Amino acid sequence: VGEGGEITYKKIQSSQIMGSIQLGIQHAIGGLASKPERDLLMQDFMTVETTNFPHEGSNHTPAHHYSEFKFKTYAPIAFRYFRDLFGIQPDDFLMSMCSAPLRELSNPGASGSIFYLTNDDEFIIKTVQHKEGEFLQKLLPGYYLNLDQNPRTLLPKFFGLYCYQCNSKNVRLVAMNNILPSSVKLHQKYDLKGSTYKRKANKSERQKSSPTYKDLDFMDHHPEGIFLEADTYTALTKTMQRDCRVLESFKIMDYSLLVGIHNLDEAQREKTESRKRTDSGQSDDETEGEPKRSGLNRTRSINRQRLVAHSTAMESIQAESEPIDEEEDVPPGGIPARNARGERLLLFLGIIDILQSYRLRKKLEHTWKSMIHDGDTVSVHRPSFYAQRFLDFMAKTVFKKIPSLDLPEIKGNH
Ligand code: ATP
Ligand code: CA
Ligand code: CA
């Protein structure tokens, strides 16, 4: 946060970054229309296109009231191919990215990255470090070799890599799929790594209206774990195994499983409560602390269609279940589950923050941390160890297998 309460990144006002990158992306997508579809070539991964955006505008850029900037688009043809792989039409991508202001998310991460969410809830734009951007560029061909073979995955899907340059500062950005719906209240959110070392949300995070908790908090809140039907459990753990194998092959670590929990029973109670309050004349603020939805967002949640194909939690793990009709406002594709109290849950999840390679990591940090702490629980470790511990934690501590979610002692259909 900069002077006067304005949020800044590298001393550039966030609102300026948002507006400028929308202009940049609009220009980049528009420019692609003139380039015919064709097979990907290796050099498509290396291309970078740079455009100047002067105040007064130019032959191909509009006039604007932000500071003058340069906008770089990395591997435009390759990313067009990836968007196509996930069924994203150029016009839809343009609409999502540019037709309405972006919303800034408060980031619980330590890295200082800024996150922007598109108004329709489909995409997240994250600022990344120079090293991470470079790593993504190198990773692209191999990563998408995997996603092409298997688009049903919990791995992050990258749809663009950009660099906004202003006053000789570089802001690198990746566009990716959004995992957590903002149209529904998430009663709990976790960022899980399978590590116990310092894995507790700090005080300022806990005070937020919708905190992101960590591993130790999870074990505290859900000592018995979260229950999944046998088939769902198997589908989820298999997907995570396959995904971790890919990450390990690229020596990636430090990634997390992001889990958002919507508690259907609690939502029902909240509804009844707020109705009571309305009846007694008090105001009714349905989703407290959550940003209000726009018309577009609402339309899509009613249509039950995601713009990005294969990207709901259920699709990602190749599972299917009956849609829940009673809750007309719940976005599609959450994974049905129960907590130990038997309450009906919907889980929204995915793997995030994968642009950290072991090879790029500072050696110092590892030695120092392992010196002061038992090597096994330090969250910075060899990629294969990291993957194994991650999988173990998810399959044994976080998720538990039960024969059916509708056991006699648990009343009601899911
Ligand atoms: P650090 O490196 O300190 O862990 P970071 O700045 O790299 O943090 P991430 O770990 O990528 O940030 O993400 C931080 C938080 O942002 C997550 O815990 C989650 O709440 C939110 N987030 C990140 N990626 C997504 C996504 N694809 N969809 C929804 N929310 C996300
Ligand atoms: Ca992280
Ligand atoms: Ca990170």
# chains A, B, ... in the order shown; residues from 1 in each chain; ligands from 1

call {"tool": "residues_around", "arguments": {"residues": "Asp92 (chain A)", "least_positions_apart": "5", "cutoff": "10 Å", "atoms": "only C-alpha atoms", "output": "PyMOL selection string"}}
result
chain A and resi 87+97-99+307-308

call {"tool": "residues_near_ligand", "arguments": {"ligand": "ligand 1", "cutoff": "6 Å", "atoms": "only C-alpha atoms and all ligand atoms", "output": "list of chain:residue names"}}
result
A:Asn107, A:Pro108, A:Gly109, A:Ala110, A:Ser111, A:Gly112, A:Ser113, A:Asn177, A:Asn178, A:Ile179, A:Leu180, A:Asp191, A:Thr212, A:Ile352, A:Asp353

call {"tool": "residues_around", "arguments": {"residues": "region 390-396 of chain A", "least_positions_apart": "4", "cutoff": "9 Å", "atoms": "only C-alpha atoms", "output": "PyMOL selection string"}}
result
chain A and resi 192-195+225+233+236-237+240-241+244+256-257+385-386+400-401

call {"tool": "closest_residue", "arguments": {"among": "A:Phe348, A:Tyr190, A:Phe115, A:Tyr164", "to": "ligand 3", "atoms": "only C-alpha atoms and all ligand atoms"}}
result
A:Phe115

call {"tool": "closest_residue", "arguments": {"among": "A:Asp265, A:Glu132, A:Asp243, A:Glu320", "to": "ligand 3", "atoms": "only C-alpha atoms and all ligand atoms"}}
result
A:Glu132

call {"tool": "closest_residue", "arguments": {"among": "A:Asp279, A:Glu104, A:Asp148, A:Asp254", "to": "ligand 3", "atoms": "only C-alpha atoms and all ligand atoms"}}
result
A:Asp254

call {"tool": "closest_residue", "arguments": {"among": "A:Thr127, A:Gln188, A:Gln268, A:Asn150", "to": "ligand 3", "atoms": "only C-alpha atoms and all ligand atoms"}}
result
A:Thr127

call {"tool": "residues_around", "arguments": {"residues": "Ser311 (chain A)", "least_positions_apart": "4", "cutoff": "9 Å", "atoms": "only C-alpha atoms", "output": "list in words"}}
result
Phe86, Pro151, Arg152, Thr153, Leu154, Lys157, Asn177, Ile179, Arg306, Leu307, Glu315, Ser316 and Gly333 of chain A

call {"tool": "select_by_dssp", "arguments": {"residues": "region 39-285 of chain A", "states": "strand (DSSP E or B)", "output": "MDAnalysis selection string"}}
result
chainID A and resid 48:53 69:74 103:105 115:117 123:128 158:166 169:177 188:192 213 226:229 252 256:263

call {"tool": "atom_distance", "arguments": {"atom1": "CA of Pro403 (chain A)", "atom2": "CA of Glu229 (chain A)"}}
result
5.6 Å

call {"tool": "closest_residue", "arguments": {"among": "A:Thr196, A:Thr47, A:Gln356, A:Thr73", "to": "ligand 2", "atoms": "only C-alpha atoms and all ligand atoms"}}
result
A:Gln356

call {"tool": "closest_residue", "arguments": {"among": "A:Phe250, A:Tyr255, A:Phe158, A:Phe123", "to": "ligand 3", "atoms": "only C-alpha atoms and all ligand atoms"}}
result
A:Tyr255

call {"tool": "select_by_dssp", "arguments": {"residues": "region 9-92 of chain A", "states": "alpha helix (DSSP H)", "output": "PyMOL selection string"}}
result
chain A and resi 14-32+76-85+90-92

call {"tool": "write_last_selection", "arguments": {"atoms": "N, CA and C atoms", "output": "short mmCIF file (atom, residue, chain, number, x, y, z; two decimals), in the first residue's frame"}}
result
data_model
loop_
_atom_site.label_atom_id
_atom_site.label_comp_id
_atom_site.auth_asym_id
_atom_site.auth_seq_id
_atom_site.Cartn_x
_atom_site.Cartn_y
_atom_site.Cartn_z
N SER A 14 -2.06 0.62 -8.56
CA SER A 14 -2.67 -0.60 -9.05
C SER A 14 -3.75 -0.32 -10.10
N SER A 15 -4.49 0.78 -9.88
CA SER A 15 -5.56 1.10 -10.84
C SER A 15 -4.98 1.41 -12.22
N GLN A 16 -3.79 2.00 -12.21
CA GLN A 16 -3.12 2.29 -13.48
C GLN A 16 -2.65 1.00 -14.15
N ILE A 17 -2.12 0.08 -13.35
CA ILE A 17 -1.70 -1.21 -13.92
C ILE A 17 -2.90 -1.91 -14.55
N MET A 18 -4.00 -1.95 -13.79
CA MET A 18 -5.20 -2.65 -14.28
C MET A 18 -5.67 -2.09 -15.61
N GLY A 19 -5.83 -0.76 -15.66
CA GLY A 19 -6.34 -0.13 -16.88
C GLY A 19 -5.40 -0.34 -18.05
N SER A 20 -4.09 -0.22 -17.78
CA SER A 20 -3.12 -0.32 -18.86
C SER A 20 -3.04 -1.75 -19.41
N ILE A 21 -3.06 -2.72 -18.52
CA ILE A 21 -2.94 -4.09 -19.04
C ILE A 21 -4.20 -4.49 -19.81
N GLN A 22 -5.32 -3.90 -19.45
CA GLN A 22 -6.52 -4.19 -20.24
C GLN A 22 -6.36 -3.66 -21.67
N LEU A 23 -5.78 -2.44 -21.77
CA LEU A 23 -5.51 -1.90 -23.12
C LEU A 23 -4.52 -2.80 -23.86
N GLY A 24 -3.49 -3.24 -23.15
CA GLY A 24 -2.46 -4.08 -23.76
C GLY A 24 -3.03 -5.41 -24.24
N ILE A 25 -3.84 -6.04 -23.39
CA ILE A 25 -4.39 -7.34 -23.75
C ILE A 25 -5.37 -7.20 -24.92
N GLN A 26 -6.17 -6.15 -24.85
CA GLN A 26 -7.12 -5.89 -25.94
C GLN A 26 -6.39 -5.78 -27.28
N HIS A 27 -5.30 -5.05 -27.26
CA HIS A 27 -4.53 -4.88 -28.47
C HIS A 27 -3.92 -6.21 -28.94
N ALA A 28 -3.41 -6.96 -27.99
CA ALA A 28 -2.76 -8.24 -28.33
C ALA A 28 -3.76 -9.23 -28.93
N ILE A 29 -4.93 -9.32 -28.33
CA ILE A 29 -5.94 -10.27 -28.84
C ILE A 29 -6.46 -9.81 -30.20
N GLY A 30 -6.70 -8.51 -30.31
CA GLY A 30 -7.16 -7.96 -31.59
C GLY A 30 -6.16 -8.25 -32.70
N GLY A 31 -4.88 -8.08 -32.40
CA GLY A 31 -3.84 -8.29 -33.40
C GLY A 31 -3.77 -9.73 -33.88
N LEU A 32 -4.18 -10.65 -33.01
CA LEU A 32 -4.10 -12.07 -33.37
C LEU A 32 -5.08 -12.45 -34.46
N PRO A 76 2.48 -15.20 -28.18
CA PRO A 76 1.05 -15.00 -28.45
C PRO A 76 0.37 -16.16 -29.19
N ILE A 77 1.05 -16.73 -30.16
CA ILE A 77 0.44 -17.82 -30.93
C ILE A 77 0.32 -19.07 -30.06
N ALA A 78 1.32 -19.31 -29.25
CA ALA A 78 1.28 -20.49 -28.38
C ALA A 78 0.13 -20.37 -27.37
N PHE A 79 -0.03 -19.20 -26.79
CA PHE A 79 -1.11 -19.03 -25.81
C PHE A 79 -2.49 -19.07 -26.48
N ARG A 80 -2.56 -18.61 -27.74
CA ARG A 80 -3.83 -18.75 -28.45
C ARG A 80 -4.18 -20.23 -28.58
N TYR A 81 -3.17 -21.04 -28.86
CA TYR A 81 -3.39 -22.48 -28.97
C TYR A 81 -3.88 -23.05 -27.63
N PHE A 82 -3.29 -22.60 -26.55
CA PHE A 82 -3.69 -23.11 -25.22
C PHE A 82 -5.11 -22.69 -24.87
N ARG A 83 -5.46 -21.46 -25.21
CA ARG A 83 -6.83 -21.01 -24.93
C ARG A 83 -7.80 -21.85 -25.72
N ASP A 84 -7.40 -22.14 -26.97
CA ASP A 84 -8.25 -22.97 -27.82
C ASP A 84 -8.40 -24.38 -27.23
N LEU A 85 -7.31 -24.89 -26.67
CA LEU A 85 -7.33 -26.21 -26.04
C LEU A 85 -8.39 -26.27 -24.94
N PRO A 90 -11.65 -16.34 -28.85
CA PRO A 90 -11.00 -15.03 -28.73
C PRO A 90 -11.94 -13.93 -28.22
N ASP A 91 -13.16 -13.89 -28.74
CA ASP A 91 -14.11 -12.85 -28.32
C ASP A 91 -14.46 -12.97 -26.85
N ASP A 92 -14.63 -14.20 -26.39
CA ASP A 92 -14.96 -14.42 -24.98
C ASP A 92 -13.81 -14.01 -24.08
#

call {"tool": "atom_distance", "arguments": {"atom1": "CA of Val184 (chain A)", "atom2": "CA of Thr272 (chain A)"}}
result
16.3 Å
